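Okay, coords_2.csv is below, CSV, C-alpha atoms:
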chain,number,residue,atom,x,y,z
U,126,MET,CA,0.0,0.0,0.0
U,127,GLU,CA,3.0,2.3,0.3
U,128,ASN,CA,2.9,5.2,-2.2
U,129,GLN,CA,-0.5,4.1,-3.5
U,130,LYS,CA,-2.1,7.0,-5.5
U,131,LYS,CA,-5.4,8.1,-4.1
U,132,CYS,CA,-7.8,10.7,-5.5
U,133,ASN,CA,-11.1,11.7,-4.2
U,134,PHE,CA,-13.6,14.1,-5.8
U,135,ASN,CA,-16.9,15.2,-4.2
U,136,LEU,CA,-19.6,17.5,-5.7
U,137,LEU,CA,-21.8,19.5,-3.4
U,138,ALA,CA,-24.5,22.1,-4.2
U,139,CYS,CA,-25.2,25.0,-1.8
U,140,HIS,CA,-26.9,28.3,-1.8
U,141,ASN,CA,-23.7,30.2,-1.2
U,142,TYR,CA,-20.0,29.5,-0.7
U,143,ASP,CA,-17.7,32.3,0.6
U,144,SER,CA,-14.2,31.4,-0.6
U,145,ARG,CA,-12.7,34.1,1.6
U,146,THR,CA,-13.8,32.5,4.8
U,147,GLY,CA,-14.5,28.9,3.6
U,148,THR,CA,-18.1,29.2,4.8
U,149,ILE,CA,-20.7,26.9,3.1
U,150,VAL,CA,-24.3,28.1,3.5
U,151,GLY,CA,-27.3,25.9,2.7
U,152,LEU,CA,-26.2,22.6,1.4
U,153,PHE,CA,-28.9,20.9,-0.6
U,154,ASN,CA,-29.8,18.0,-2.9
U,155,SER,CA,-33.4,19.3,-3.5
U,156,ILE,CA,-34.3,22.8,-4.5
U,157,GLN,CA,-37.6,24.6,-5.4
U,158,LEU,CA,-37.8,26.2,-8.8
U,159,ASN,CA,-38.9,29.8,-8.7
U,160,GLU,CA,-41.6,31.3,-10.9
U,161,ASN,CA,-39.0,32.6,-13.4
U,162,GLU,CA,-37.8,29.0,-13.9
U,163,VAL,CA,-34.2,30.0,-13.1
U,164,LEU,CA,-31.8,28.9,-10.3
U,165,SER,CA,-28.6,30.3,-8.9
U,166,PHE,CA,-26.3,28.3,-6.6
U,167,ASP,CA,-22.7,27.3,-6.0
U,168,LEU,CA,-21.3,24.0,-7.1
U,169,LEU,CA,-18.4,22.9,-4.9
U,170,THR,CA,-15.8,20.4,-5.9
U,171,ILE,CA,-13.8,19.0,-2.9
U,172,MET,CA,-10.6,17.4,-4.1
U,173,ASN,CA,-8.1,15.3,-2.1
U,174,PHE,CA,-4.9,13.8,-3.5
U,175,LEU,CA,-2.4,11.5,-1.9
U,176,ASN,CA,0.8,10.6,-3.8
U,177,LYS,CA,-0.8,11.8,-7.1
U,178,GLN,CA,1.7,13.8,-9.0
U,179,TYR,CA,0.4,16.1,-11.6
U,180,GLU,CA,0.9,19.6,-12.9
U,181,THR,CA,-2.5,20.5,-14.4
U,182,LEU,CA,-6.0,19.2,-13.8
U,183,THR,CA,-8.9,20.0,-16.1
U,184,ILE,CA,-12.5,19.4,-15.0
U,185,PHE,CA,-15.5,19.7,-17.3
U,186,TYR,CA,-18.9,20.0,-15.5
U,187,CYS,CA,-22.1,19.0,-17.3
U,188,ILE,CA,-25.7,18.8,-16.3
U,189,TYR,CA,-28.7,16.9,-17.6
U,190,ASN,CA,-32.3,15.9,-16.9
U,191,VAL,CA,-32.1,12.2,-15.8
U,192,GLU,CA,-35.6,11.3,-17.1
U,193,LYS,CA,-34.9,12.8,-20.5
U,194,GLY,CA,-31.4,11.3,-20.8
U,195,ALA,CA,-28.1,12.3,-22.1
U,196,ASN,CA,-29.6,14.1,-25.1
U,197,THR,CA,-30.4,17.0,-22.7
U,198,ALA,CA,-26.8,17.2,-21.4
U,199,LYS,CA,-24.9,20.5,-21.7
U,200,ILE,CA,-21.5,21.5,-20.5
U,201,ILE,CA,-21.8,24.3,-17.8
U,202,ASN,CA,-18.1,24.9,-16.9
U,203,LYS,CA,-14.5,24.1,-17.6
U,204,SER,CA,-12.0,24.6,-14.7
U,205,VAL,CA,-8.2,24.3,-14.9
U,206,PHE,CA,-6.1,23.8,-11.7
U,207,ARG,CA,-2.4,24.0,-11.1
U,208,ARG,CA,-1.1,21.6,-8.4
U,209,LYS,CA,0.1,23.0,-5.0
U,210,ASN,CA,1.4,20.8,-2.2
U,211,GLY,CA,-0.5,21.2,1.0
U,212,VAL,CA,-4.0,21.9,2.2
U,213,ALA,CA,-5.9,24.9,0.7
U,214,GLY,CA,-6.9,27.3,3.4
U,215,SER,CA,-9.1,30.4,3.3
U,216,ASN,CA,-7.7,33.5,1.5
U,217,GLY,CA,-5.6,31.3,-0.8
U,218,ARG,CA,-3.2,30.4,2.0
U,219,ILE,CA,-1.7,26.9,1.8
U,220,ARG,CA,-1.6,25.2,5.2
U,221,GLN,CA,1.2,22.8,6.1
U,222,THR,CA,0.6,19.1,6.5
U,223,THR,CA,2.6,16.2,8.0
U,224,MET,CA,2.0,14.0,4.9
U,225,GLN,CA,4.3,14.2,2.0
U,226,HIS,CA,2.6,14.5,-1.4
U,227,LEU,CA,-0.8,15.5,0.0
U,228,SER,CA,-2.9,18.2,-1.6
U,229,ASN,CA,-6.5,19.2,-1.3
U,230,ALA,CA,-8.6,22.1,-2.4
U,231,ILE,CA,-12.2,23.3,-2.7
U,232,LYS,CA,-13.2,24.7,-6.1
U,233,SER,CA,-16.4,26.7,-6.3
U,234,ILE,CA,-18.2,27.7,-9.5
U,235,ARG,CA,-21.3,29.9,-9.4
U,236,ILE,CA,-24.2,28.8,-11.4
U,237,SER,CA,-26.2,32.0,-12.1
U,238,ASN,CA,-29.7,32.2,-13.4
U,239,MET,CA,-29.6,28.8,-15.1
U,240,LYS,CA,-32.9,28.2,-16.9
U,241,PHE,CA,-34.8,25.0,-15.9
U,242,THR,CA,-38.0,24.5,-18.0
U,243,GLU,CA,-38.8,21.2,-16.3
U,244,LYS,CA,-38.9,19.9,-12.7
U,245,GLY,CA,-37.3,16.6,-11.9
U,246,ASP,CA,-34.0,14.9,-11.1
U,247,TYR,CA,-30.9,16.3,-12.6
U,248,GLU,CA,-27.3,15.0,-12.6
U,249,VAL,CA,-24.3,17.2,-12.5
U,250,ARG,CA,-21.1,15.3,-13.5
U,251,ALA,CA,-17.5,16.2,-13.2
U,252,TYR,CA,-15.1,14.8,-15.9
U,253,VAL,CA,-11.4,15.0,-14.9
U,254,PHE,CA,-8.4,15.0,-17.2
U,255,TRP,CA,-4.7,15.0,-15.9
U,256,ASP,CA,-1.9,17.0,-17.5
U,257,ASN,CA,-1.7,16.3,-21.2
U,258,GLU,CA,-4.4,13.6,-21.2
U,259,ARG,CA,-6.9,14.1,-24.1
U,260,LEU,CA,-5.6,17.4,-25.4
U,261,ASP,CA,-8.2,17.0,-28.2
U,262,ILE,CA,-10.7,17.9,-25.5
U,263,THR,CA,-8.8,19.8,-22.8
U,264,SER,CA,-7.3,22.4,-25.2
U,265,LYS,CA,-10.8,23.6,-26.2
U,266,GLU,CA,-13.1,26.0,-24.5
U,267,ALA,CA,-16.2,24.4,-22.8
U,268,LYS,CA,-18.6,25.6,-25.6
U,269,GLU,CA,-16.4,23.9,-28.2
U,270,VAL,CA,-16.4,20.5,-26.7
U,271,ASP,CA,-18.7,17.9,-28.1
U,272,ILE,CA,-20.9,16.8,-25.2
U,273,ASP,CA,-21.6,13.3,-26.7
U,274,THR,CA,-17.8,12.6,-26.8
U,275,LEU,CA,-17.4,13.8,-23.2
U,276,LEU,CA,-20.2,11.6,-21.9
U,277,THR,CA,-18.6,8.4,-23.4
U,278,ILE,CA,-15.2,8.9,-21.6
U,279,GLU,CA,-16.3,6.9,-18.6
U,280,ASP,CA,-12.9,6.5,-17.0
U,281,SER,CA,-12.7,10.3,-16.7
U,282,LEU,CA,-16.0,10.6,-14.7
U,283,ALA,CA,-14.8,11.6,-11.2
U,284,SER,CA,-18.0,12.6,-9.4
U,285,VAL,CA,-21.8,12.9,-9.8
U,286,ILE,CA,-24.4,14.7,-7.7
U,287,ASN,CA,-28.1,14.3,-8.2
U,288,ILE,CA,-30.3,17.3,-7.6
U,289,GLU,CA,-34.1,17.2,-7.4
U,290,ILE,CA,-35.7,20.4,-8.7
U,291,PHE,CA,-39.3,20.6,-7.6
Go ahead and render the structure in this file as C-alpha cells.
Amino acid sequence: MENQKKCNFNLLACHNYDSRTGTIVGLFNSIQLNENEVLSFDLLTIMNFLNKQYETLTIFYCIYNVEKGANTAKIINKSVFRRKNGVAGSNGRIRQTTMQHLSNAIKSIRISNMKFTEKGDYEVRAYVFWDNERLDITSKEAKEVDIDTLLTIEDSLASVINIEIF
C-alpha cells in the first residue's frame, strides 16, 4: 500500500460559498424552482490527492435531466487547476501538512440564473483529465467540446451529484 495513489472528488450544491472564509451556506440536494424557472447556486468540488503527481488538472462540468437522458446534457463549466502541495486554506493560504505529497482544495463555481424549464431529477457530472491527457478535449473551451464525446469517456468521470428540482 506504500505510495498508493489516491484521488477523491466530491460534488456539493449549496446556496452560497464564501471562498474568503471557507463558509458553506445551505447545502442541498433538493431545491424549489422559482416562478421565473431559473436557479442560482454554488457547485463545490472538494478534491483530495495523496501521492498523485500532476501539474495540471482540467475538469468539465455537465448537467442533464435524468428522465430525458443524455440528449439534454450540456457543459456548464471548464475549470483548470495547477497543483500545489499542502492543504488549501481560506484567503488562498496553503496550510502545512505532515503528509508528503498531500494536496487538497475546494473549487467553487457559481451557477447564475440557469434556466430549468422542467422539474425533476438532474445530474451534475465532473469529468477529470490529468496533465496532457486528451488534449483533443482539454485544449478547447467548454462551448467547443462535443458533449456526446465527453459523456462516453467513462474512465474520466470523477464525481456525480443528483439534484431534485421541484
Do you have, as a Markdown table, the list of residues of region 161-213 of chain U lying at most 7 Å from region 267-291 of chain U, each with its nearest atom pair and that distance in Å to one decimal, counting all atoms listed in the file and ordered by chain then number?
| residue | atom | partner | partner_atom | distance |
| --- | --- | --- | --- | --- |
| U:Lys199 | CA | U:Ile272 | CA | 6.5 |
| U:Ile200 | CA | U:Ala267 | CA | 6.5 |
| U:Asn202 | CA | U:Ala267 | CA | 6.2 |
| U:Lys203 | CA | U:Ala267 | CA | 5.5 |
For CA of Lys130 (chain U) and CA of Ser228 (chain U), quote the distance in Å rounded to one decimal.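 A separation of 11.9 Å between them.
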Test item: residues at most 9 Å from Tyr142 (chain U), only C-alpha atoms, excluding those fewer than 4 positions along its chain, as a ChimeraX atom specification: /U:146-151,166-169,233,235
Do you have, as JSON lines, the list of residues of region 168-213 of chain U lying at most 9 Å from region 239-246 of chain U, each with its nearest atom pair and that distance in Å to one decimal, counting only C-alpha atoms and ordered by chain then number?
{"residue": "U:Tyr189", "atom": "CA", "partner": "U:Asp246", "partner_atom": "CA", "distance": 8.6}
{"residue": "U:Asn190", "atom": "CA", "partner": "U:Asp246", "partner_atom": "CA", "distance": 6.1}
{"residue": "U:Val191", "atom": "CA", "partner": "U:Asp246", "partner_atom": "CA", "distance": 5.7}
{"residue": "U:Glu192", "atom": "CA", "partner": "U:Asp246", "partner_atom": "CA", "distance": 7.2}
Using the file's own x, y and z axes, what box holds all listed atoms of region 140-147 of chain U with 6 Å on each side, keeping edges along x, y and z, and what are its centre and edge lengths in Å to one decimal, as lines of an AutoDock Vina configuration file?
center_x = -19.8
center_y = 31.2
center_z = 1.5
size_x = 26.2
size_y = 17.8
size_z = 18.6
Please work out which residues fall within 7 Å of (-6.7, 8.6, -4.9), coordinates as given in the file, with only C-alpha atoms counting, and return them as a VMD selection string. chain U and resid 130 to 133 174 to 175
Fewer than 6 positions away in the same chain doesn't count, so skip those; otherwise give me all residues within 12 Å of Thr183 (chain U), counting all atoms listed in the file, as JSON, numbers by chain. {"U": [202, 203, 204, 205, 206, 207, 208, 232, 251, 252, 253, 254, 255, 256, 257, 258, 259, 260, 262, 263, 264, 265, 266, 267, 281, 282, 283]}
Selected residues, C-alpha atoms, written as an mmCIF file, keeping the file's coordinate frame, please.
data_model
loop_
_atom_site.group_PDB
_atom_site.id
_atom_site.type_symbol
_atom_site.label_atom_id
_atom_site.label_comp_id
_atom_site.auth_asym_id
_atom_site.auth_seq_id
_atom_site.Cartn_x
_atom_site.Cartn_y
_atom_site.Cartn_z
ATOM 1 C CA ASN U 202 -18.100 24.900 -16.900
ATOM 2 C CA LYS U 203 -14.500 24.100 -17.600
ATOM 3 C CA SER U 204 -12.000 24.600 -14.700
ATOM 4 C CA VAL U 205 -8.200 24.300 -14.900
ATOM 5 C CA PHE U 206 -6.100 23.800 -11.700
ATOM 6 C CA ARG U 207 -2.400 24.000 -11.100
ATOM 7 C CA ARG U 208 -1.100 21.600 -8.400
ATOM 8 C CA LYS U 232 -13.200 24.700 -6.100
ATOM 9 C CA ALA U 251 -17.500 16.200 -13.200
ATOM 10 C CA TYR U 252 -15.100 14.800 -15.900
ATOM 11 C CA VAL U 253 -11.400 15.000 -14.900
ATOM 12 C CA PHE U 254 -8.400 15.000 -17.200
ATOM 13 C CA TRP U 255 -4.700 15.000 -15.900
ATOM 14 C CA ASP U 256 -1.900 17.000 -17.500
ATOM 15 C CA ASN U 257 -1.700 16.300 -21.200
ATOM 16 C CA GLU U 258 -4.400 13.600 -21.200
ATOM 17 C CA ARG U 259 -6.900 14.100 -24.100
ATOM 18 C CA LEU U 260 -5.600 17.400 -25.400
ATOM 19 C CA ILE U 262 -10.700 17.900 -25.500
ATOM 20 C CA THR U 263 -8.800 19.800 -22.800
ATOM 21 C CA SER U 264 -7.300 22.400 -25.200
ATOM 22 C CA LYS U 265 -10.800 23.600 -26.200
ATOM 23 C CA GLU U 266 -13.100 26.000 -24.500
ATOM 24 C CA ALA U 267 -16.200 24.400 -22.800
ATOM 25 C CA SER U 281 -12.700 10.300 -16.700
ATOM 26 C CA LEU U 282 -16.000 10.600 -14.700
ATOM 27 C CA ALA U 283 -14.800 11.600 -11.200
#
CA of Ile201 (chain U) and CA of Ile236 (chain U), how far apart in Å?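 These atoms are spaced 8.2 Å apart.
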